[in-house]
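Enquirer: My structure is in work-v5.tsv, and what it holds is TSV, C-alpha atoms and all ligand atoms:
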```tsv
chain	number	residue	atom	x	y	z
A	97	VAL	CA	-9.72	0.74	22.83
A	98	ALA	CA	-10.52	4.05	24.48
A	99	ALA	CA	-11.28	6.82	22.00
A	100	GLU	CA	-8.94	9.00	24.03
A	101	ALA	CA	-5.99	6.69	23.36
A	102	LEU	CA	-6.72	6.76	19.64
A	103	SER	CA	-6.92	10.52	19.47
A	104	VAL	CA	-3.52	10.99	21.11
A	105	PHE	CA	-1.75	8.44	18.87
A	106	ASP	CA	1.44	10.12	17.65
A	107	GLY	CA	2.62	7.27	15.42
A	108	THR	CA	5.13	5.79	17.84
A	109	GLY	CA	4.84	2.14	18.71
A	110	VAL	CA	6.14	1.63	22.24
A	111	THR	CA	5.32	-0.58	25.22
A	112	SER	CA	4.50	1.04	28.56
A	113	ASP	CA	8.09	0.40	29.72
A	114	GLY	CA	9.62	2.07	26.69
A	115	HIS	CA	10.41	-0.85	24.35
A	116	GLU	CA	10.04	0.62	20.85
A	117	VAL	CA	8.30	-1.31	18.07
A	118	PRO	CA	8.11	0.86	14.94
A	119	LEU	CA	4.61	0.76	13.42
A	120	LEU	CA	4.82	0.76	9.63
A	121	ALA	CA	2.29	0.67	6.81
A	122	ASN	CA	1.46	-1.78	4.04
A	123	VAL	CA	0.93	0.16	0.80
A	124	GLY	CA	0.30	-0.56	-2.87
A	125	GLY	CA	1.48	2.73	-4.36
A	126	ALA	CA	1.97	6.47	-3.91
A	127	LYS	CA	-1.67	7.27	-3.05
A	128	ASP	CA	-1.69	4.71	-0.26
A	129	ALA	CA	1.66	6.02	0.95
A	130	VAL	CA	0.36	9.55	1.32
A	131	LYS	CA	-2.60	8.24	3.36
A	132	ALA	CA	-0.23	6.12	5.45
A	133	ALA	CA	1.91	9.15	6.24
A	134	GLU	CA	-1.25	11.04	7.30
A	135	ALA	CA	-2.15	8.11	9.59
A	136	LYS	CA	1.31	8.63	11.17
A	137	ALA	CA	2.96	5.44	10.01
A	138	GLN	CA	6.66	5.54	10.91
A	139	GLY	CA	7.56	4.21	7.47
A	140	VAL	CA	6.51	1.55	4.99
A	141	GLY	CA	7.01	-2.08	6.01
A	142	LEU	CA	5.61	-3.50	2.77
A	143	LEU	CA	5.31	-1.87	-0.63
A	144	ARG	CA	3.46	-4.43	-2.74
A	145	THR	CA	5.04	-3.44	-6.06
A	146	GLU	CA	2.84	-5.83	-8.06
A	147	PHE	CA	-0.12	-3.60	-7.11
A	148	CYS	CA	1.45	-0.83	-9.20
A	149	PHE	CA	1.23	-2.98	-12.32
A	150	LEU	CA	-1.73	-5.39	-11.88
A	151	GLY	CA	-3.17	-6.85	-15.06
A	152	ARG	CA	-0.30	-5.61	-17.25
A	153	ASP	CA	0.49	-7.69	-20.35
A	154	THR	CA	3.93	-6.18	-20.67
A	155	GLU	CA	6.72	-5.49	-18.23
A	156	PRO	CA	6.59	-1.90	-16.96
A	157	THR	CA	9.39	0.25	-18.34
A	158	ALA	CA	12.22	1.54	-16.18
A	159	GLU	CA	10.66	5.03	-16.25
A	160	GLU	CA	7.25	3.74	-15.14
A	161	GLN	CA	8.82	1.79	-12.32
A	162	VAL	CA	11.02	4.64	-11.10
A	163	GLU	CA	8.00	6.96	-11.04
A	164	ALA	CA	5.86	4.47	-9.10
A	165	TYR	CA	8.51	3.78	-6.46
A	166	GLN	CA	9.63	7.39	-6.13
A	167	GLY	CA	6.05	8.43	-5.41
A	168	VAL	CA	6.11	6.18	-2.36
A	169	PHE	CA	9.60	7.22	-1.23
A	170	ASP	CA	8.64	10.89	-1.45
A	171	ALA	CA	5.83	10.36	1.07
A	172	PHE	CA	8.40	9.17	3.64
A	173	PRO	CA	11.49	11.39	3.44
A	174	GLY	CA	14.20	10.13	5.76
A	175	LYS	CA	12.07	7.13	6.78
A	176	LYS	CA	12.35	3.42	6.17
A	177	VAL	CA	10.55	2.02	3.11
A	178	VAL	CA	10.66	-1.74	2.52
A	179	VAL	CA	10.06	-2.51	-1.15
A	180	ARG	CA	8.95	-6.01	-1.99
A	181	THR	CA	9.91	-7.21	-5.45
A	182	LEU	CA	7.10	-8.35	-7.74
A	183	ASP	CA	4.95	-11.01	-6.08
A	184	ALA	CA	2.93	-12.29	-8.99
A	185	GLY	CA	0.68	-15.22	-8.25
A	186	ALA	CA	-2.77	-16.66	-8.67
A	187	ASP	CA	-4.31	-13.99	-6.43
A	188	LYS	CA	-2.29	-11.14	-7.99
A	189	PRO	CA	-1.94	-11.86	-11.71
A	190	LEU	CA	0.73	-10.12	-13.74
A	191	PRO	CA	0.14	-11.64	-17.18
A	192	PHE	CA	3.69	-10.79	-18.29
A	193	LEU	CA	5.07	-12.97	-15.47
A	194	THR	CA	2.61	-15.72	-14.53
A	195	ASP	CA	1.38	-18.82	-16.28
A	196	THR	CA	-2.34	-19.00	-15.52
A	197	SER	CA	-2.62	-22.63	-16.64
A	198	GLU	CA	-0.80	-24.08	-13.64
A	199	PRO	CA	-2.91	-26.73	-11.89
A	200	ASN	CA	-1.95	-25.56	-8.39
A	201	PRO	CA	-0.98	-21.89	-8.59
A	202	ALA	CA	-0.39	-21.30	-4.85
A	203	LEU	CA	2.36	-23.94	-5.10
A	204	GLY	CA	3.57	-22.84	-8.49
A	205	VAL	CA	5.90	-20.37	-10.09
A	206	ARG	CA	5.09	-17.28	-8.10
A	207	GLY	CA	6.90	-14.59	-6.09
A	208	TYR	CA	10.69	-14.88	-6.28
A	209	ARG	CA	10.31	-18.09	-8.30
A	210	THR	CA	9.34	-16.12	-11.42
A	211	ASP	CA	13.03	-15.23	-11.65
A	212	LEU	CA	13.56	-18.78	-12.96
A	213	THR	CA	11.03	-18.48	-15.76
A	214	SER	CA	11.40	-14.77	-16.61
A	215	PRO	CA	15.07	-14.00	-16.10
A	216	GLY	CA	15.98	-10.33	-16.19
A	217	VAL	CA	12.72	-8.90	-14.84
A	218	LEU	CA	14.01	-8.95	-11.27
A	219	GLU	CA	17.36	-7.35	-12.18
A	220	ARG	CA	15.55	-4.59	-14.05
A	221	GLN	CA	13.21	-4.04	-11.12
A	222	LEU	CA	16.11	-3.82	-8.66
A	223	ALA	CA	17.84	-1.31	-10.94
A	224	ALA	CA	14.66	0.82	-11.00
A	225	ILE	CA	14.35	0.63	-7.21
A	226	ALA	CA	18.00	1.71	-6.83
A	227	ASP	CA	17.46	4.54	-9.30
A	228	ALA	CA	14.36	5.78	-7.45
A	229	ALA	CA	16.15	5.43	-4.11
A	230	SER	CA	19.03	7.57	-5.36
A	231	ARG	CA	16.56	10.39	-6.07
A	232	SER	CA	15.03	10.38	-2.58
A	233	SER	CA	16.06	10.54	1.05
A	234	ALA	CA	14.03	7.47	2.09
A	235	ASP	CA	15.94	4.62	3.74
A	236	VAL	CA	15.15	1.95	1.13
A	237	TRP	CA	15.21	-1.73	2.06
A	238	VAL	CA	14.28	-4.42	-0.45
A	239	MET	CA	12.90	-7.91	0.05
A	240	ALA	CA	11.91	-10.93	-2.01
A	241	PRO	CA	8.60	-12.78	-1.61
A	242	MET	CA	8.16	-16.57	-1.37
A	243	ILE	CA	11.76	-17.39	-0.46
A	244	SER	CA	12.00	-21.10	0.42
A	245	THR	CA	15.71	-21.83	0.76
A	246	ALA	CA	19.00	-20.27	1.88
A	247	GLU	CA	20.32	-20.54	-1.70
A	248	GLU	CA	17.47	-18.37	-2.94
A	249	ALA	CA	18.21	-15.84	-0.19
A	250	ALA	CA	21.91	-15.79	-1.15
A	251	ASP	CA	21.09	-15.37	-4.86
A	252	PHE	CA	18.71	-12.51	-4.09
A	253	ALA	CA	21.30	-10.80	-1.87
A	254	LYS	CA	23.83	-10.99	-4.74
A	255	LEU	CA	21.39	-9.40	-7.17
A	256	CYS	CA	20.68	-6.61	-4.68
A	257	SER	CA	24.35	-5.99	-4.14
A	258	SER	CA	24.97	-5.81	-7.92
A	259	ALA	CA	22.17	-3.25	-8.15
A	260	GLY	CA	23.78	-1.17	-5.38
A	261	LEU	CA	21.00	-1.92	-2.86
A	262	GLN	CA	22.57	-2.31	0.57
A	263	THR	CA	19.77	-3.79	2.69
A	264	PRO	CA	18.48	-7.05	1.21
A	265	GLY	CA	15.91	-9.13	3.05
A	266	VAL	CA	13.43	-11.92	2.56
A	267	MET	CA	9.85	-12.59	3.40
A	268	VAL	CA	9.30	-15.58	5.63
A	269	GLU	CA	5.96	-16.87	4.41
A	270	VAL	CA	6.72	-20.51	3.63
A	271	PRO	CA	7.27	-23.04	6.45
A	272	SER	CA	10.66	-24.09	5.03
A	273	ALA	CA	11.88	-20.51	5.46
A	274	ALA	CA	10.77	-20.42	9.10
A	275	LEU	CA	12.48	-23.74	9.75
A	276	MET	CA	15.68	-22.58	8.03
A	277	ALA	CA	15.62	-19.02	9.39
A	278	GLU	CA	19.11	-19.22	10.84
A	279	ALA	CA	20.74	-20.19	7.53
A	280	ILE	CA	18.56	-17.80	5.54
A	281	LEU	CA	19.30	-14.87	7.83
A	282	GLY	CA	22.98	-15.66	7.47
A	283	GLU	CA	22.57	-14.49	3.85
A	284	VAL	CA	20.47	-11.32	4.22
A	285	ALA	CA	20.04	-8.31	6.51
A	286	PHE	CA	16.47	-8.84	7.72
A	287	ALA	CA	13.29	-10.89	7.42
A	288	SER	CA	9.65	-9.96	7.34
A	289	LEU	CA	7.03	-12.53	8.27
A	290	GLY	CA	4.18	-12.66	5.77
A	291	THR	CA	1.65	-14.21	8.07
A	292	ASN	CA	-1.06	-14.38	5.39
A	293	ASP	CA	0.87	-16.86	3.30
A	294	LEU	CA	2.68	-18.39	6.27
A	295	THR	CA	-0.75	-19.30	7.66
A	296	GLN	CA	-1.97	-20.61	4.31
A	297	TYR	CA	1.07	-22.84	3.85
A	298	THR	CA	1.43	-23.97	7.47
A	299	MET	CA	-2.23	-24.98	7.64
A	300	ALA	CA	-2.39	-26.18	3.98
A	301	ALA	CA	-5.55	-24.08	3.64
A	302	ASP	CA	-6.10	-21.83	0.61
A	303	ARG	CA	-6.28	-18.22	1.87
A	304	GLN	CA	-8.84	-17.40	-0.83
A	305	LEU	CA	-11.41	-19.95	0.44
A	306	GLY	CA	-13.85	-18.52	2.96
A	307	SER	CA	-14.94	-22.05	3.84
A	308	LEU	CA	-11.47	-22.68	5.33
A	309	ALA	CA	-11.37	-19.49	7.41
A	310	ALA	CA	-11.16	-21.40	10.69
A	311	LEU	CA	-7.93	-23.05	9.55
A	312	ASN	CA	-6.73	-19.92	7.85
A	313	ASN	CA	-6.32	-18.10	11.11
A	314	SER	CA	-3.01	-16.65	12.27
A	315	TRP	CA	-3.96	-17.39	15.89
A	316	GLN	CA	-3.39	-21.06	15.09
A	317	PRO	CA	-0.72	-22.12	17.60
A	318	ALA	CA	1.13	-23.85	14.74
A	319	VAL	CA	1.52	-20.47	13.03
A	320	LEU	CA	2.65	-18.80	16.27
A	321	ARG	CA	5.27	-21.54	16.60
A	322	MET	CA	6.50	-20.75	13.08
A	323	VAL	CA	6.90	-17.12	14.18
A	324	ARG	CA	8.80	-18.22	17.27
A	325	LEU	CA	11.10	-20.45	15.22
A	326	THR	CA	11.89	-17.59	12.86
A	327	VAL	CA	12.77	-15.22	15.68
A	328	GLU	CA	14.90	-17.90	17.33
A	329	GLY	CA	16.74	-18.44	14.03
A	330	SER	CA	17.28	-14.70	13.66
A	331	ALA	CA	18.90	-14.44	17.06
A	332	ALA	CA	21.51	-17.07	16.28
A	333	GLU	CA	24.96	-16.33	17.57
A	334	GLY	CA	26.98	-14.18	15.24
A	335	HIS	CA	24.09	-12.53	13.42
A	336	ALA	CA	21.19	-10.96	15.28
A	337	LYS	CA	18.96	-9.78	12.44
A	338	PRO	CA	15.63	-7.92	12.73
A	339	VAL	CA	12.41	-9.80	12.03
A	340	GLY	CA	9.23	-7.83	11.35
A	341	VAL	CA	5.68	-8.85	10.52
A	342	CYS	CA	3.83	-7.48	7.50
A	343	GLY	CA	0.85	-9.85	7.31
A	344	GLU	CA	-2.67	-9.08	8.49
A	345	ALA	CA	-1.82	-10.56	11.91
A	346	ALA	CA	0.01	-7.33	12.77
A	347	ALA	CA	-3.27	-5.40	12.45
A	348	ASP	CA	-5.03	-7.40	15.19
A	349	PRO	CA	-4.12	-5.55	18.41
A	350	ALA	CA	-4.08	-8.63	20.67
A	351	LEU	CA	-2.12	-10.65	18.13
A	352	ALA	CA	0.28	-7.73	17.69
A	353	VAL	CA	1.07	-7.93	21.42
A	354	VAL	CA	1.71	-11.67	21.05
A	355	LEU	CA	4.02	-11.07	18.08
A	356	VAL	CA	6.01	-8.46	20.02
A	357	GLY	CA	6.19	-10.89	22.94
A	358	LEU	CA	7.62	-13.50	20.55
A	359	GLY	CA	10.41	-11.05	19.68
A	360	VAL	CA	9.23	-9.41	16.48
A	361	SER	CA	10.84	-5.96	16.12
A	362	THR	CA	8.49	-4.07	13.75
A	363	LEU	CA	4.82	-4.36	12.76
A	364	SER	CA	3.51	-3.33	9.36
A	365	MET	CA	-0.21	-3.09	8.69
A	366	THR	CA	-3.03	-1.37	6.88
A	367	PRO	CA	-2.85	2.29	7.97
A	368	ARG	CA	-6.29	2.31	9.62
A	369	ALA	CA	-5.08	-0.29	12.16
A	370	LEU	CA	-2.09	1.77	13.36
A	371	ALA	CA	-3.73	3.72	16.18
A	372	GLY	CA	-5.52	0.71	17.68
A	373	VAL	CA	-2.39	-1.42	17.66
A	374	GLY	CA	-0.36	1.46	19.08
A	375	ALA	CA	-2.81	1.93	21.96
A	376	VAL	CA	-2.87	-1.73	23.03
A	377	LEU	CA	0.89	-2.06	22.72
A	378	ASN	CA	1.23	0.94	25.00
A	379	SER	CA	-0.90	-0.80	27.64
A	380	VAL	CA	1.63	-3.61	28.33
A	381	THR	CA	5.26	-3.92	29.32
A	382	LEU	CA	7.58	-6.03	27.16
A	383	GLU	CA	7.66	-8.64	29.91
A	384	GLU	CA	3.86	-8.80	29.96
A	385	ALA	CA	3.82	-9.18	26.19
A	386	GLN	CA	6.30	-12.05	26.51
A	387	ARG	CA	4.13	-13.73	29.13
A	388	ILE	CA	1.00	-13.32	26.99
A	389	ALA	CA	2.88	-14.73	23.97
A	390	GLY	CA	3.83	-17.76	26.05
A	391	ILE	CA	0.19	-18.31	26.94
A	392	ALA	CA	-0.94	-18.06	23.30
A	393	VAL	CA	1.78	-20.37	21.96
A	394	ALA	CA	0.95	-23.00	24.58
A	395	ALA	CA	-2.80	-22.97	23.82
A	396	PRO	CA	-4.18	-26.07	22.11
A	397	THR	CA	-6.38	-24.27	19.58
A	398	ALA	CA	-6.63	-20.96	17.74
A	399	ALA	CA	-9.79	-20.04	19.66
A	400	GLU	CA	-8.10	-20.71	23.00
A	401	ALA	CA	-4.94	-18.84	22.01
A	402	LYS	CA	-7.03	-15.80	21.12
A	403	ALA	CA	-9.35	-15.97	24.14
A	404	ARG	CA	-6.51	-16.49	26.62
A	405	ALA	CA	-4.41	-13.67	25.17
A	406	ARG	CA	-7.35	-11.26	25.06
A	407	ALA	CA	-8.25	-12.07	28.68
A	408	GLU	CA	-4.83	-10.66	29.67
A	409	LEU	CA	-5.43	-7.38	27.85
A	410	PRO	CA	-7.95	-5.20	29.69
A	411	ALA	CA	-7.12	-2.31	27.34
A	412	LEU	CA	-9.08	-4.14	24.63
A	413	GLU	CA	-12.40	-3.79	26.45
A	501	LIG	C1	1.67	-12.16	3.46
A	501	LIG	O1	1.67	-13.18	2.77
A	501	LIG	O2	1.43	-12.15	4.68
A	501	LIG	C2	1.97	-10.85	2.85
A	501	LIG	C3	2.16	-9.78	3.61
A	501	LIG	O3	2.00	-10.76	1.50
A	501	LIG	P1	0.69	-10.82	0.58
A	501	LIG	O4	-0.51	-10.69	1.46
A	501	LIG	O5	0.85	-9.71	-0.39
A	501	LIG	O6	0.82	-12.17	-0.04
A	502	MG	MG	2.48	-13.24	0.77
```
Translate the structure described by the file into structure tokens.
Ligand code: PEP
Ligand code: MG
Expert:
Amino acid sequence: VAAEALSVFDGTGVTSDGHEVPLLANVGGAKDAVKAAEAKAQGVGLLRTEFCFLGRDTEPTAEEQVEAYQGVFDAFPGKKVVVRTLDAGADKPLPFLTDTSEPNPALGVRGYRTDLTSPGVLERQLAAIADAASRSSADVWVMAPMISTAEEAADFAKLCSSAGLQTPGVMVEVPSAALMAEAILGEVAFASLGTNDLTQYTMAADRQLGSLAALNNSWQPAVLRMVRLTVEGSAAEGHAKPVGVCGEAAADPALAVVLVGLGVSTLSMTPRALAGVGAVLNSVTLEEAQRIAGIAVAAPTAAEAKARARAELPALE
């Protein structure tokens, strides 16, 4: 991407014909949020709340939680901040929530599922998020990780409503959620595709194993089809709900164009990727992005999907 394009990046994600795609940041706490605001993120698309409390043996108190969340909200006054509830798992241990003796932790009690084994933690977290939100001007959305069914989405939405949180959503990072997107989005206000886990679970390839990197690639046409299914489900008659992406896929400029072409409405990424994604997005019209997405989805392999999409994007050279 031309250095010139990067230096003029003003934070706005928009195609050359004016289709806006807000570019948001993935953050793990207040320090990250400040850096994200400096990098001109238009908001936060993923606050990984478990990063605020990694390694803790005990549940953080209400005061600790409010302070951690408010620090992030304060970096984005008046802007959207999507808070993800605790996503404890094998890769992100929270000893007060996870059982480390599970034989198959990626398929175990993790993410939203910890609400079954540690009841009350989620309600207390939602109360802390609501409390912090009430002390700031940020537009706070909240979403649950590892949602697999419409019942889980409905239960989460109820908990959010009881806590006074008006914009409940879910992550789509399990194939069942992509397949059931229409029913799931009937229960909540939005979805955010977690392409890291969606790739892991679609390809049945552990994301922590470097030896499986070729499978663990979000350019896999099977993963792109999961994205397409989710967007199709979200557009069902009667409830058009926004679907964003907050996995690493959004940080790859060519893949970001494909995702926008598939109908994704926001992209959330590590702050250092914002300017590059913004520049490439600005080099295509929405119709071109849709055509490039069609090419990628129809490719037989990940390598072909990537090569064919990149060949349509001269701005990348
Ligand atoms: C994802 O799975 O794509 C995601 C954004 O969440 P995490 O990487 O924290 O699992
Ligand atoms: Mg995930």
Enquirer: Taking all atoms listed in the file into account, which of A:Glu155, A:Asp227, A:Glu146, A:Asp251 comes nearest ligand LIG 501 (chain A)?
Expert: A:Glu146
Enquirer: Pick out the residues no farther than 7 Å from ligand LIG 501 (chain A), counting only C-alpha atoms and all ligand atoms, and list them as an MDAnalysis selection string.
Expert: chainID A and resid 144 269 289:294 342:344
Enquirer: Since we have the selection now, will you write its residues out, keeping C-alpha atoms, as a tab-separated table (two decimals), in the coordinates of the input?
Expert:
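What ended up in result_34.tsv:
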```
chain	number	residue	atom	x	y	z
A	144	ARG	CA	3.46	-4.43	-2.74
A	269	GLU	CA	5.96	-16.87	4.41
A	289	LEU	CA	7.03	-12.53	8.27
A	290	GLY	CA	4.18	-12.66	5.77
A	291	THR	CA	1.65	-14.21	8.07
A	292	ASN	CA	-1.06	-14.38	5.39
A	293	ASP	CA	0.87	-16.86	3.30
A	294	LEU	CA	2.68	-18.39	6.27
A	342	CYS	CA	3.83	-7.48	7.50
A	343	GLY	CA	0.85	-9.85	7.31
A	344	GLU	CA	-2.67	-9.08	8.49
```
Enquirer: From the list A:Ala332, A:Leu190, A:Ile225, A:Leu351, which residue is nearest Met276 of chain A when using all atoms listed in the file?
Expert: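 Looking at the shortest contact to Met276 of chain A, the residue is A:Ala332.
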Enquirer: Sort by chain and increasing residue number a table of all residues of segment 257-374 of chain A within 10 Å of segment 119-137 of chain A, each with its closest pair of atoms and their distance in Å to one decimal, counting all atoms listed in the file, and write it as a tab-separated table.
Expert:
```
residue	atom	partner	partner_atom	distance
A:Gly340	CA	A:Leu120	CA	9.8
A:Val341	CA	A:Leu120	CA	9.7
A:Cys342	CA	A:Asn122	CA	7.1
A:Gly343	CA	A:Asn122	CA	8.7
A:Glu344	CA	A:Asn122	CA	9.5
A:Ala346	CA	A:Leu119	CA	9.3
A:Ala347	CA	A:Ala121	CA	10.0
A:Ser361	CA	A:Leu119	CA	9.6
A:Thr362	CA	A:Leu119	CA	6.2
A:Leu363	CA	A:Leu119	CA	5.2
A:Ser364	CA	A:Leu120	CA	4.3
A:Met365	CA	A:Ala121	CA	4.9
A:Thr366	CA	A:Asn122	CA	5.3
A:Pro367	CA	A:Ala132	CA	5.3
A:Arg368	CA	A:Ala135	CA	7.1
A:Ala369	CA	A:Ala121	CA	9.2
A:Leu370	CA	A:Leu119	CA	6.8
A:Ala371	CA	A:Ala135	CA	8.1
A:Val373	CA	A:Leu119	CA	8.5
A:Gly374	CA	A:Leu119	CA	7.6
```
Enquirer: Restricting the calculation to all atoms listed in the file: of A:Val393, A:Val168, A:Leu275, A:Val270, which residue gets closest to ligand MG 502 (chain A)?
Expert: A:Val270
Enquirer: Please measure the separation of atom CA of Val110 of chain A and atom CA of Val356 of chain A, giving the value in Å to one decimal.
Expert: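 One can read the atom CA of Val110 of chain A to atom CA of Val356 of chain A distance as 10.3 Å.
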